[in-house]
>>> print(open('structure.cif').read())   # mmCIF, C-alpha atoms and all ligand atoms
data_final
loop_
_atom_site.label_atom_id
_atom_site.label_comp_id
_atom_site.auth_asym_id
_atom_site.auth_seq_id
_atom_site.Cartn_x
_atom_site.Cartn_y
_atom_site.Cartn_z
CA PRO A 1 98.58 147.99 104.83
CA ALA A 2 94.86 148.27 103.99
CA ALA A 3 93.94 145.82 106.77
CA LEU A 4 96.21 147.70 109.17
CA GLU A 5 94.60 151.01 108.21
CA GLU A 6 91.18 149.53 108.90
CA ALA A 7 92.27 148.13 112.29
CA LEU A 8 93.98 151.37 113.36
CA SER A 9 90.84 153.36 112.47
CA ARG A 10 88.63 151.01 114.46
CA LEU A 11 90.65 150.26 117.61
CA PRO A 12 90.92 152.58 120.61
CA GLY A 13 94.46 153.65 121.56
CA PRO A 14 97.12 153.41 122.77
CA LEU A 15 98.20 151.29 119.84
CA LEU A 16 101.33 149.27 119.16
CA VAL A 17 101.98 147.77 115.74
CA ALA A 18 104.49 144.93 115.43
CA ALA A 19 105.83 144.43 111.90
CA THR A 20 108.32 141.79 110.77
CA ALA A 21 111.44 142.20 108.65
CA GLY A 22 112.20 138.57 107.81
CA THR A 23 109.50 136.12 108.86
CA THR A 24 110.63 132.86 110.42
CA ASP A 25 108.74 130.74 107.88
CA ALA A 26 109.62 132.37 104.56
CA GLY A 27 111.91 135.33 105.27
CA LEU A 28 109.26 137.79 104.06
CA ILE A 29 109.67 141.50 104.79
CA ASP A 30 106.55 143.50 105.62
CA PRO A 31 106.00 146.72 103.58
CA LEU A 32 107.72 148.83 106.24
CA PRO A 33 107.34 152.36 104.74
CA GLU A 34 103.58 151.85 104.18
CA ILE A 35 103.13 150.47 107.70
CA ALA A 36 105.21 153.29 109.19
CA ALA A 37 103.10 155.92 107.38
CA ARG A 38 99.89 154.48 108.81
CA CYS A 39 101.37 154.29 112.32
CA ALA A 40 102.40 157.95 112.07
CA ALA A 41 98.94 158.97 110.84
CA HIS A 42 97.23 157.20 113.76
CA GLY A 43 99.80 157.97 116.47
CA ALA A 44 100.58 154.25 116.92
CA ARG A 45 103.95 153.04 118.13
CA LEU A 46 105.86 150.81 115.71
CA HIS A 47 107.98 147.83 116.72
CA ILE A 48 109.85 145.95 113.99
CA ASP A 49 111.00 142.39 114.58
CA ALA A 50 114.15 142.28 112.46
CA ALA A 51 115.48 139.17 114.22
CA TYR A 52 116.25 137.53 110.89
CA GLY A 53 116.26 140.37 108.34
CA GLY A 54 118.21 142.88 110.45
CA GLY A 55 121.53 141.42 109.30
CA LEU A 56 120.81 142.70 105.76
CA LEU A 57 121.84 146.11 107.11
CA PHE A 58 125.47 145.01 106.91
CA SER A 59 125.21 144.61 103.13
CA ASP A 60 125.25 147.56 100.72
CA ARG A 61 123.59 145.28 98.18
CA HIS A 62 120.68 144.20 100.38
CA ARG A 63 120.16 146.92 102.99
CA THR A 64 117.75 148.91 100.81
CA ARG A 65 115.18 146.17 101.43
CA LEU A 66 114.98 147.40 105.02
CA ALA A 67 113.95 150.93 104.01
CA GLY A 68 111.61 152.17 106.71
CA LEU A 69 113.35 150.31 109.55
CA ASP A 70 114.64 153.64 110.86
CA THR A 71 111.09 154.85 111.44
CA ALA A 72 110.45 152.23 114.15
CA ASP A 73 110.28 153.15 117.83
CA THR A 74 111.89 149.82 118.71
CA VAL A 75 113.68 147.14 116.71
CA THR A 76 114.78 143.64 117.70
CA LEU A 77 117.74 141.94 116.03
CA ASP A 78 118.89 138.34 116.52
CA LEU A 79 122.51 138.06 115.48
CA HIS A 80 122.42 134.29 115.90
CA LYS A 81 121.07 134.32 112.34
CA LEU A 82 122.61 136.79 109.88
CA GLY A 83 125.34 137.65 112.39
CA TRP A 84 126.84 134.18 112.89
CA GLN A 85 126.70 134.15 116.68
CA PRO A 86 126.02 131.25 118.98
CA VAL A 87 122.84 131.85 121.01
CA ALA A 88 121.98 134.04 122.84
CA ALA A 89 122.57 137.10 120.65
CA GLY A 90 119.32 139.07 120.73
CA LEU A 91 119.37 142.87 120.81
CA LEU A 92 116.66 145.44 121.45
CA ALA A 93 117.32 148.86 119.91
CA VAL A 94 115.23 151.85 120.99
CA LYS A 95 115.03 155.21 119.25
CA ASP A 96 114.24 157.17 122.41
CA PRO A 97 116.41 156.27 125.42
CA ARG A 98 113.43 157.09 127.65
CA ASP A 99 111.93 153.79 126.50
CA LEU A 100 114.51 152.14 128.75
CA THR A 101 113.50 154.08 131.84
CA ALA A 102 111.94 150.99 133.40
CA LEU A 103 115.42 149.47 133.63
CA ARG A 104 116.41 152.23 136.07
CA HIS A 105 114.05 150.75 138.64
CA ARG A 106 115.85 150.80 141.95
CA ALA A 107 115.86 148.21 144.73
CA ASP A 108 117.80 148.66 147.97
CA TYR A 109 119.18 145.13 147.88
CA LEU A 110 120.65 145.74 144.38
CA ASN A 111 121.49 149.43 144.09
CA ALA A 112 123.88 151.28 146.38
CA THR A 113 123.48 154.96 145.51
CA ASP A 114 126.84 155.97 147.00
CA ASP A 115 128.66 153.26 144.99
CA THR A 116 126.96 154.43 141.78
CA GLU A 117 127.83 158.05 142.57
CA ALA A 118 131.43 157.01 143.25
CA GLY A 119 131.54 155.62 139.69
CA LEU A 120 131.56 151.88 140.42
CA PRO A 121 130.33 150.09 137.26
CA ASP A 122 127.51 147.53 137.28
CA LEU A 123 125.26 145.84 134.73
CA LEU A 124 122.00 146.99 136.28
CA GLY A 125 120.12 149.29 133.96
CA ARG A 126 121.45 147.54 130.86
CA SER A 127 119.12 144.59 130.63
CA LEU A 128 115.80 143.19 131.78
CA ARG A 129 117.79 140.52 133.58
CA THR A 130 120.17 141.04 136.47
CA THR A 131 122.22 137.87 136.26
CA ARG A 132 123.31 137.47 132.67
CA ARG A 133 126.15 136.25 130.54
CA PRO A 134 128.30 138.81 128.72
CA ASP A 135 126.55 138.04 125.41
CA VAL A 136 127.75 141.22 123.80
CA LEU A 137 131.43 140.19 124.02
CA LYS A 138 131.21 137.68 121.15
CA LEU A 139 129.39 140.29 119.03
CA ALA A 140 132.10 142.83 119.72
CA VAL A 141 134.80 140.30 118.77
CA THR A 142 133.01 139.43 115.51
CA LEU A 143 132.54 143.08 114.56
CA LYS A 144 136.14 143.88 115.41
CA THR A 145 137.46 140.87 113.46
CA LEU A 146 135.25 140.93 110.36
CA GLY A 147 134.02 144.52 110.39
CA ARG A 148 130.83 145.56 108.67
CA SER A 149 132.20 144.71 105.23
CA GLY A 150 133.29 141.23 106.37
CA LEU A 151 129.78 140.52 107.63
CA ALA A 152 128.34 142.00 104.43
CA THR A 153 130.33 139.45 102.40
CA LEU A 154 128.78 136.61 104.43
CA VAL A 155 125.28 138.07 104.05
CA ASP A 156 125.75 138.43 100.28
CA GLN A 157 127.06 134.86 100.03
CA VAL A 158 124.14 133.20 101.81
CA CYS A 159 121.58 135.30 99.91
CA ALA A 160 123.24 134.26 96.63
CA ARG A 161 123.30 130.58 97.71
CA ALA A 162 119.56 130.77 98.44
CA ARG A 163 118.86 132.16 94.97
CA GLU A 164 120.99 129.38 93.44
CA PHE A 165 119.18 126.72 95.47
CA ALA A 166 115.79 128.15 94.46
CA ALA A 167 116.89 128.01 90.80
CA LEU A 168 117.90 124.34 91.20
CA VAL A 169 114.51 123.53 92.74
CA ASP A 170 112.71 125.44 90.01
CA GLU A 171 114.52 123.53 87.27
CA HIS A 172 113.88 120.12 88.90
CA PRO A 173 110.69 118.49 87.56
CA GLY A 174 110.23 116.56 90.84
CA PHE A 175 109.89 119.64 93.05
CA ASP A 176 107.70 122.71 93.50
CA LEU A 177 109.28 126.00 94.59
CA HIS A 178 107.16 128.23 96.83
CA ALA A 179 108.66 131.54 95.68
CA ARG A 180 111.92 133.25 94.89
CA PRO A 181 113.73 133.82 98.21
CA VAL A 182 113.56 137.29 99.76
CA ILE A 183 116.46 136.69 102.19
CA SER A 184 118.05 133.23 102.44
CA THR A 185 115.06 130.93 103.01
CA VAL A 186 113.87 128.57 100.30
CA LEU A 187 110.56 126.69 100.65
CA PHE A 188 110.12 123.66 98.42
CA ARG A 189 108.23 120.35 98.32
CA PRO A 190 108.18 117.18 96.22
CA ALA A 191 105.71 117.85 93.39
CA GLY A 192 102.32 116.29 94.02
CA ALA A 193 103.27 115.03 97.49
CA THR A 194 100.90 114.97 100.46
CA ASP A 195 101.76 116.94 103.59
CA ASP A 196 102.41 113.60 105.35
CA THR A 197 105.02 112.73 102.74
CA VAL A 198 106.70 116.14 103.12
CA ALA A 199 106.84 115.67 106.91
CA ALA A 200 108.16 112.11 106.55
CA VAL A 201 110.91 113.18 104.12
CA ARG A 202 112.08 115.83 106.56
CA ARG A 203 112.06 113.48 109.55
CA ALA A 204 113.91 110.72 107.68
CA LEU A 205 116.70 113.07 106.56
CA LEU A 206 116.95 114.45 110.09
CA THR A 207 116.94 111.15 111.98
CA ASP A 208 119.40 109.56 109.53
CA GLY A 209 121.69 112.53 110.13
CA ARG A 210 121.88 113.45 106.43
CA ALA A 211 120.24 116.87 106.30
CA VAL A 212 118.57 119.26 108.73
CA LEU A 213 115.67 120.92 106.95
CA GLY A 214 113.02 123.03 108.59
CA ARG A 215 109.30 122.92 107.87
CA ALA A 216 106.73 125.63 107.31
CA ARG A 217 102.99 125.68 106.60
CA LEU A 218 102.16 128.29 103.98
CA ASP A 219 99.24 128.72 101.57
CA GLY A 220 97.58 125.68 103.17
CA ARG A 221 100.43 123.28 102.42
CA LEU A 222 103.45 121.94 104.26
CA TRP A 223 106.85 122.87 102.80
CA LEU A 224 110.42 121.81 103.36
CA LYS A 225 112.47 124.78 104.47
CA ALA A 226 116.14 125.38 103.73
CA THR A 227 117.40 128.45 105.57
CA LEU A 228 120.82 129.08 104.05
CA LEU A 229 123.07 130.55 106.74
CA ASN A 230 126.39 128.79 106.21
CA PRO A 231 128.64 130.88 103.93
CA ALA A 232 130.82 127.80 103.29
CA THR A 233 127.93 126.03 101.55
CA GLY A 234 128.82 125.55 97.89
CA PRO A 235 126.90 124.66 94.71
CA ALA A 236 127.77 120.95 95.15
CA ASP A 237 126.19 120.95 98.65
CA LEU A 238 123.00 122.44 97.23
CA ALA A 239 122.78 119.85 94.47
CA ALA A 240 123.48 117.07 96.99
CA LEU A 241 120.74 118.33 99.31
CA LEU A 242 118.17 118.33 96.51
CA HIS A 243 119.29 114.88 95.42
CA LEU A 244 118.89 113.56 98.99
CA ALA A 245 115.40 115.02 99.28
CA ALA A 246 114.40 113.59 95.87
CA ARG A 247 115.66 110.12 96.78
CA GLN A 248 113.95 110.23 100.15
CA ALA A 249 110.68 111.27 98.55
CA THR A 250 110.77 108.18 96.30
CA LEU A 251 111.37 105.98 99.35
CA VAL A 252 108.46 107.36 101.34
CA GLU A 253 105.45 105.14 100.79
CA GLY A 254 102.81 106.38 98.41
CA HIS A 255 104.82 108.98 96.59
CA THR A 256 106.84 108.74 93.42
CA PRO A 257 108.01 112.12 92.12
CA ARG A 258 107.38 112.83 88.48
C1 LIG B 301 111.38 136.61 113.19
C2 LIG B 301 111.83 136.09 114.53
N1 LIG B 301 111.56 136.80 115.65
C3 LIG B 301 111.96 136.37 116.87
C4 LIG B 301 112.65 135.19 117.03
C5 LIG B 301 113.00 134.71 118.41
O1 LIG B 301 114.04 135.40 118.93
P1 LIG B 301 114.78 134.82 120.25
O2 LIG B 301 115.29 133.46 119.85
O3 LIG B 301 115.85 135.80 120.52
O4 LIG B 301 113.73 134.75 121.30
C6 LIG B 301 112.99 134.42 115.92
C7 LIG B 301 113.79 133.18 116.03
O5 LIG B 301 114.84 133.12 116.63
C8 LIG B 301 112.55 134.88 114.63
O6 LIG B 301 112.80 134.16 113.53
#
>>> encode(input="structure.cif", output="structure tokens")
Amino acid sequence: PAALEEALSRLPGPLLVAATAGTTDAGLIDPLPEIAARCAAHGARLHIDAAYGGGLLFSDRHRTRLAGLDTADTVTLDLHKLGWQPVAAGLLAVKDPRDLTALRHRADYLNATDDTEAGLPDLLGRSLRTTRRPDVLKLAVTLKTLGRSGLATLVDQVCARAREFAALVDEHPGFDLHARPVISTVLFRPAGATDDTVAAVRRALLTDGRAVLGRARLDGRLWLKATLLNPATGPADLAALLHLAARQATLVEGHTPR
């Protein structure tokens, strides 16, 4: 917030601030109320990328972490993450419908005024694209089938699994944990390993078809990334994943975990 305050004071307007609720690398949530207050003070627009974290809204237990989201002018959500949709499932929410005015752009070859006036439906004006798949159908089916509370259960489960996995990593003498998870992402690395070893462990597990881990560079080091999004994952799966990573680390040349 202090750096933002300094930038907003220095830069000429108009200004747009983009904050993140759930970073791709670590699932971190920006201090939204503090950012929103500074945007309001400087007349800057606020966009919040809640592609990952937005799904916490379903959960009564976790939604308070998104306090301040409602102050944004625009919010993006990606329900292919904490919404369990196949891609594409991105949504843009705007506070003021006038922000969508550009979509009303008319072109003779697309818009027939008399048809519109006669009430014929079309998808123009609903998206930046003209030709598009009915992506919202699967979302509607999920919401109708599971409801908000059904989705909340899934959110709570994967957040709990991430905390459990982080605890396993923390207790294991052969691994370093980056931090306690904020959402459902756990960053970890074999203790004392080089970045090359971390990268090699990930590639070996991936190419052998045993585990799909992500990778993230944070605090100057490369980390293995487990983004827990499968509610069916159980404690035994978590232990097995850590065991696989430990064994792979011992096999990679030049590194023997403590
Ligand atoms: C924080 C964040 N923003 C945006 C995106 C990209 O969204 P899309 O895949 O809809 O372009 C992702 C990844 O999907 C993400 O993790």
>>> closest_residue(input="structure.cif", among="A:Arg247, A:Arg163, A:His47, A:His62", to="A:Thr20", atoms="only C-alpha atoms")
A:His47
>>> closest_residue(input="structure.cif", among="A:Pro1, A:Gly90, A:Pro12, A:Gly174", to="ligand LIG 301 (chain B)", atoms="all atoms listed in the file")
A:Gly90
>>> axis_aligned_box(input="structure.cif", around="ligand LIG 301 (chain B)", padding_each_side="8 Å", output="lines of an AutoDock Vina configuration file")
center_x = 113.6
center_y = 135.0
center_z = 117.2
size_x = 20.5
size_y = 19.7
size_z = 24.1
>>> closest_atom_pairs(input="structure.cif", of="chain A", to="ligand LIG 301 (chain B)", cutoff="7 Å", atoms="only C-alpha atoms and all ligand atoms", output="CSV")
residue,atom,partner,partner_atom,distance
A:Thr20,CA,B:LIG301,C1,6.5
A:Gly22,CA,B:LIG301,C1,5.8
A:Thr23,CA,B:LIG301,C1,4.7
A:Thr24,CA,B:LIG301,O6,4.0
A:Asp49,CA,B:LIG301,N1,5.7
A:Ala50,CA,B:LIG301,C1,6.4
A:Ala51,CA,B:LIG301,C2,4.8
A:Tyr52,CA,B:LIG301,C1,5.5
A:Asp78,CA,B:LIG301,O3,5.6
A:Ala88,CA,B:LIG301,O3,6.8
A:Ala89,CA,B:LIG301,O3,6.8
A:Gly90,CA,B:LIG301,O3,4.8
>>> atom_distance(input="structure.cif", atom1="atom CA of A:Ala160", atom2="atom CA of A:Gln85")
20.3 Å
>>> atom_distance(input="structure.cif", atom1="atom CA of A:Arg45", atom2="atom CA of A:Thr130")
27.3 Å
>>> atom_distance(input="structure.cif", atom1="atom CA of A:Asp196", atom2="atom CA of A:Lys225")
15.1 Å
>>> residues_near_point(input="structure.cif", point="(121.1, 142.9, 124.0)", cutoff="12 Å", atoms="all atoms listed in the file", output="MDAnalysis selection string")
chainID A and resid 51 75:80 87:94 123 125:129 132:140
>>> residues_around(input="structure.cif", residues="A:Phe188", least_positions_apart="2", cutoff="8 Å", atoms="all atoms listed in the file", output="PyMOL selection string")
chain A and resi 169+175-178+186+190+223-225
>>> closest_residue(input="structure.cif", among="A:Leu4, A:Leu56, A:Ile35, A:Ala204", to="A:Leu244", atoms="only C-alpha atoms")
A:Ala204
>>> closest_residue(input="structure.cif", among="A:Arg61, A:Asp73, A:Thr185, A:Gln248", to="A:Arg203", atoms="all atoms listed in the file")
A:Gln248
>>> residues_around(input="structure.cif", residues="A:Leu222", least_positions_apart="3", cutoff="10 Å", atoms="only C-alpha atoms", output="PyMOL selection string")
chain A and resi 187-189+193-199+215-219+225
>>> write_last_selection(input="structure.cif", atoms="C-alpha atoms", output="PDB file, in the frame of the given file")
ATOM      1  CA  LEU A 187     110.560 126.690 100.650  1.00  0.00           C
ATOM      2  CA  PHE A 188     110.120 123.660  98.420  1.00  0.00           C
ATOM      3  CA  ARG A 189     108.230 120.350  98.320  1.00  0.00           C
ATOM      4  CA  ALA A 193     103.270 115.030  97.490  1.00  0.00           C
ATOM      5  CA  THR A 194     100.900 114.970 100.460  1.00  0.00           C
ATOM      6  CA  ASP A 195     101.760 116.940 103.590  1.00  0.00           C
ATOM      7  CA  ASP A 196     102.410 113.600 105.350  1.00  0.00           C
ATOM      8  CA  THR A 197     105.020 112.730 102.740  1.00  0.00           C
ATOM      9  CA  VAL A 198     106.700 116.140 103.120  1.00  0.00           C
ATOM     10  CA  ALA A 199     106.840 115.670 106.910  1.00  0.00           C
ATOM     11  CA  ARG A 215     109.300 122.920 107.870  1.00  0.00           C
ATOM     12  CA  ALA A 216     106.730 125.630 107.310  1.00  0.00           C
ATOM     13  CA  ARG A 217     102.990 125.680 106.600  1.00  0.00           C
ATOM     14  CA  LEU A 218     102.160 128.290 103.980  1.00  0.00           C
ATOM     15  CA  ASP A 219      99.240 128.720 101.570  1.00  0.00           C
ATOM     16  CA  LYS A 225     112.470 124.780 104.470  1.00  0.00           C
TER      17      LYS A 225
END
>>> closest_residue(input="structure.cif", among="A:Ala240, A:Ala44, A:Leu66, A:Leu206", to="A:Phe165", atoms="all atoms listed in the file")
A:Ala240
>>> closest_atom_pairs(input="structure.cif", of="stretch 106-208 of chain A", to="stretch 227-232 of chain A", cutoff="12 Å", atoms="only C-alpha atoms", output="CSV")
residue,atom,partner,partner_atom,distance
A:Gly150,CA,A:Pro231,CA,11.6
A:Leu151,CA,A:Pro231,CA,10.4
A:Ala152,CA,A:Pro231,CA,11.1
A:Thr153,CA,A:Pro231,CA,8.9
A:Leu154,CA,A:Pro231,CA,5.8
A:Val155,CA,A:Pro231,CA,7.9
A:Asp156,CA,A:Pro231,CA,8.9
A:Gln157,CA,A:Pro231,CA,5.8
A:Val158,CA,A:Pro231,CA,5.5
A:Cys159,CA,A:Leu228,CA,7.5
A:Ala160,CA,A:Leu228,CA,9.4
A:Arg161,CA,A:Leu228,CA,7.0
A:Ala162,CA,A:Leu228,CA,6.0
A:Arg163,CA,A:Leu228,CA,9.8
A:Glu164,CA,A:Leu228,CA,10.6
A:Phe165,CA,A:Leu228,CA,9.0
A:Ala166,CA,A:Leu228,CA,10.9
A:Pro181,CA,A:Thr227,CA,9.8
A:Val182,CA,A:Thr227,CA,11.3
A:Ile183,CA,A:Thr227,CA,9.0
A:Ser184,CA,A:Leu228,CA,5.2
A:Thr185,CA,A:Thr227,CA,4.3
A:Val186,CA,A:Thr227,CA,6.3
A:Leu187,CA,A:Thr227,CA,8.6
A:Phe188,CA,A:Thr227,CA,11.3
>>> residues_around(input="structure.cif", residues="A:Arg65", least_positions_apart="6", cutoff="12 Å", atoms="all atoms listed in the file", output="PyMOL selection string")
chain A and resi 21-22+27-33+50+53-59+182-183
>>> closest_residue(input="structure.cif", among="A:Val17, A:Leu46, A:His172, A:Ala26", to="A:Ala226", atoms="only C-alpha atoms")
A:Ala26
>>> build_atoms(input="structure.cif", residues="stretch 162-173 of chain A", atoms="N, CA, C and O atoms", output="PDB file, keeping the file's coordinate frame")
ATOM      1  N   ALA A 162     121.005 131.048  98.401  1.00  0.00           N
ATOM      2  CA  ALA A 162     119.560 130.770  98.440  1.00  0.00           C
ATOM      3  C   ALA A 162     118.959 130.930  97.047  1.00  0.00           C
ATOM      4  O   ALA A 162     118.139 130.113  96.623  1.00  0.00           O
ATOM      5  N   ARG A 163     119.397 131.959  96.326  1.00  0.00           N
ATOM      6  CA  ARG A 163     118.860 132.160  94.970  1.00  0.00           C
ATOM      7  C   ARG A 163     119.268 130.982  94.073  1.00  0.00           C
ATOM      8  O   ARG A 163     118.481 130.500  93.262  1.00  0.00           O
ATOM      9  N   GLU A 164     120.516 130.524  94.249  1.00  0.00           N
ATOM     10  CA  GLU A 164     120.990 129.380  93.440  1.00  0.00           C
ATOM     11  C   GLU A 164     120.179 128.125  93.768  1.00  0.00           C
ATOM     12  O   GLU A 164     119.807 127.372  92.874  1.00  0.00           O
ATOM     13  N   PHE A 165     119.925 127.917  95.080  1.00  0.00           N
ATOM     14  CA  PHE A 165     119.180 126.720  95.470  1.00  0.00           C
ATOM     15  C   PHE A 165     117.747 126.790  94.912  1.00  0.00           C
ATOM     16  O   PHE A 165     117.229 125.800  94.399  1.00  0.00           O
ATOM     17  N   ALA A 166     117.156 127.981  94.990  1.00  0.00           N
ATOM     18  CA  ALA A 166     115.790 128.150  94.460  1.00  0.00           C
ATOM     19  C   ALA A 166     115.774 127.847  92.954  1.00  0.00           C
ATOM     20  O   ALA A 166     114.834 127.219  92.446  1.00  0.00           O
ATOM     21  N   ALA A 167     116.827 128.268  92.243  1.00  0.00           N
ATOM     22  CA  ALA A 167     116.890 128.010  90.800  1.00  0.00           C
ATOM     23  C   ALA A 167     116.984 126.508  90.528  1.00  0.00           C
ATOM     24  O   ALA A 167     116.334 125.982  89.620  1.00  0.00           O
ATOM     25  N   LEU A 168     117.788 125.798  91.358  1.00  0.00           N
ATOM     26  CA  LEU A 168     117.900 124.340  91.200  1.00  0.00           C
ATOM     27  C   LEU A 168     116.554 123.655  91.394  1.00  0.00           C
ATOM     28  O   LEU A 168     116.181 122.755  90.645  1.00  0.00           O
ATOM     29  N   VAL A 169     115.831 124.104  92.450  1.00  0.00           N
ATOM     30  CA  VAL A 169     114.510 123.530  92.740  1.00  0.00           C
ATOM     31  C   VAL A 169     113.573 123.782  91.574  1.00  0.00           C
ATOM     32  O   VAL A 169     112.853 122.898  91.113  1.00  0.00           O
ATOM     33  N   ASP A 170     113.609 125.020  91.086  1.00  0.00           N
ATOM     34  CA  ASP A 170     112.710 125.440  90.010  1.00  0.00           C
ATOM     35  C   ASP A 170     112.928 124.607  88.742  1.00  0.00           C
ATOM     36  O   ASP A 170     111.989 124.262  88.034  1.00  0.00           O
ATOM     37  N   GLU A 171     114.200 124.285  88.490  1.00  0.00           N
ATOM     38  CA  GLU A 171     114.520 123.530  87.270  1.00  0.00           C
ATOM     39  C   GLU A 171     114.205 122.042  87.409  1.00  0.00           C
ATOM     40  O   GLU A 171     114.120 121.321  86.420  1.00  0.00           O
ATOM     41  N   HIS A 172     114.063 121.554  88.650  1.00  0.00           N
ATOM     42  CA  HIS A 172     113.880 120.120  88.900  1.00  0.00           C
ATOM     43  C   HIS A 172     112.406 119.745  88.714  1.00  0.00           C
ATOM     44  O   HIS A 172     111.546 120.283  89.405  1.00  0.00           O
ATOM     45  N   PRO A 173     112.108 118.820  87.805  1.00  0.00           N
ATOM     46  CA  PRO A 173     110.690 118.490  87.560  1.00  0.00           C
ATOM     47  C   PRO A 173     110.020 117.809  88.756  1.00  0.00           C
ATOM     48  O   PRO A 173     108.800 117.790  88.848  1.00  0.00           O
TER      49      PRO A 173
END
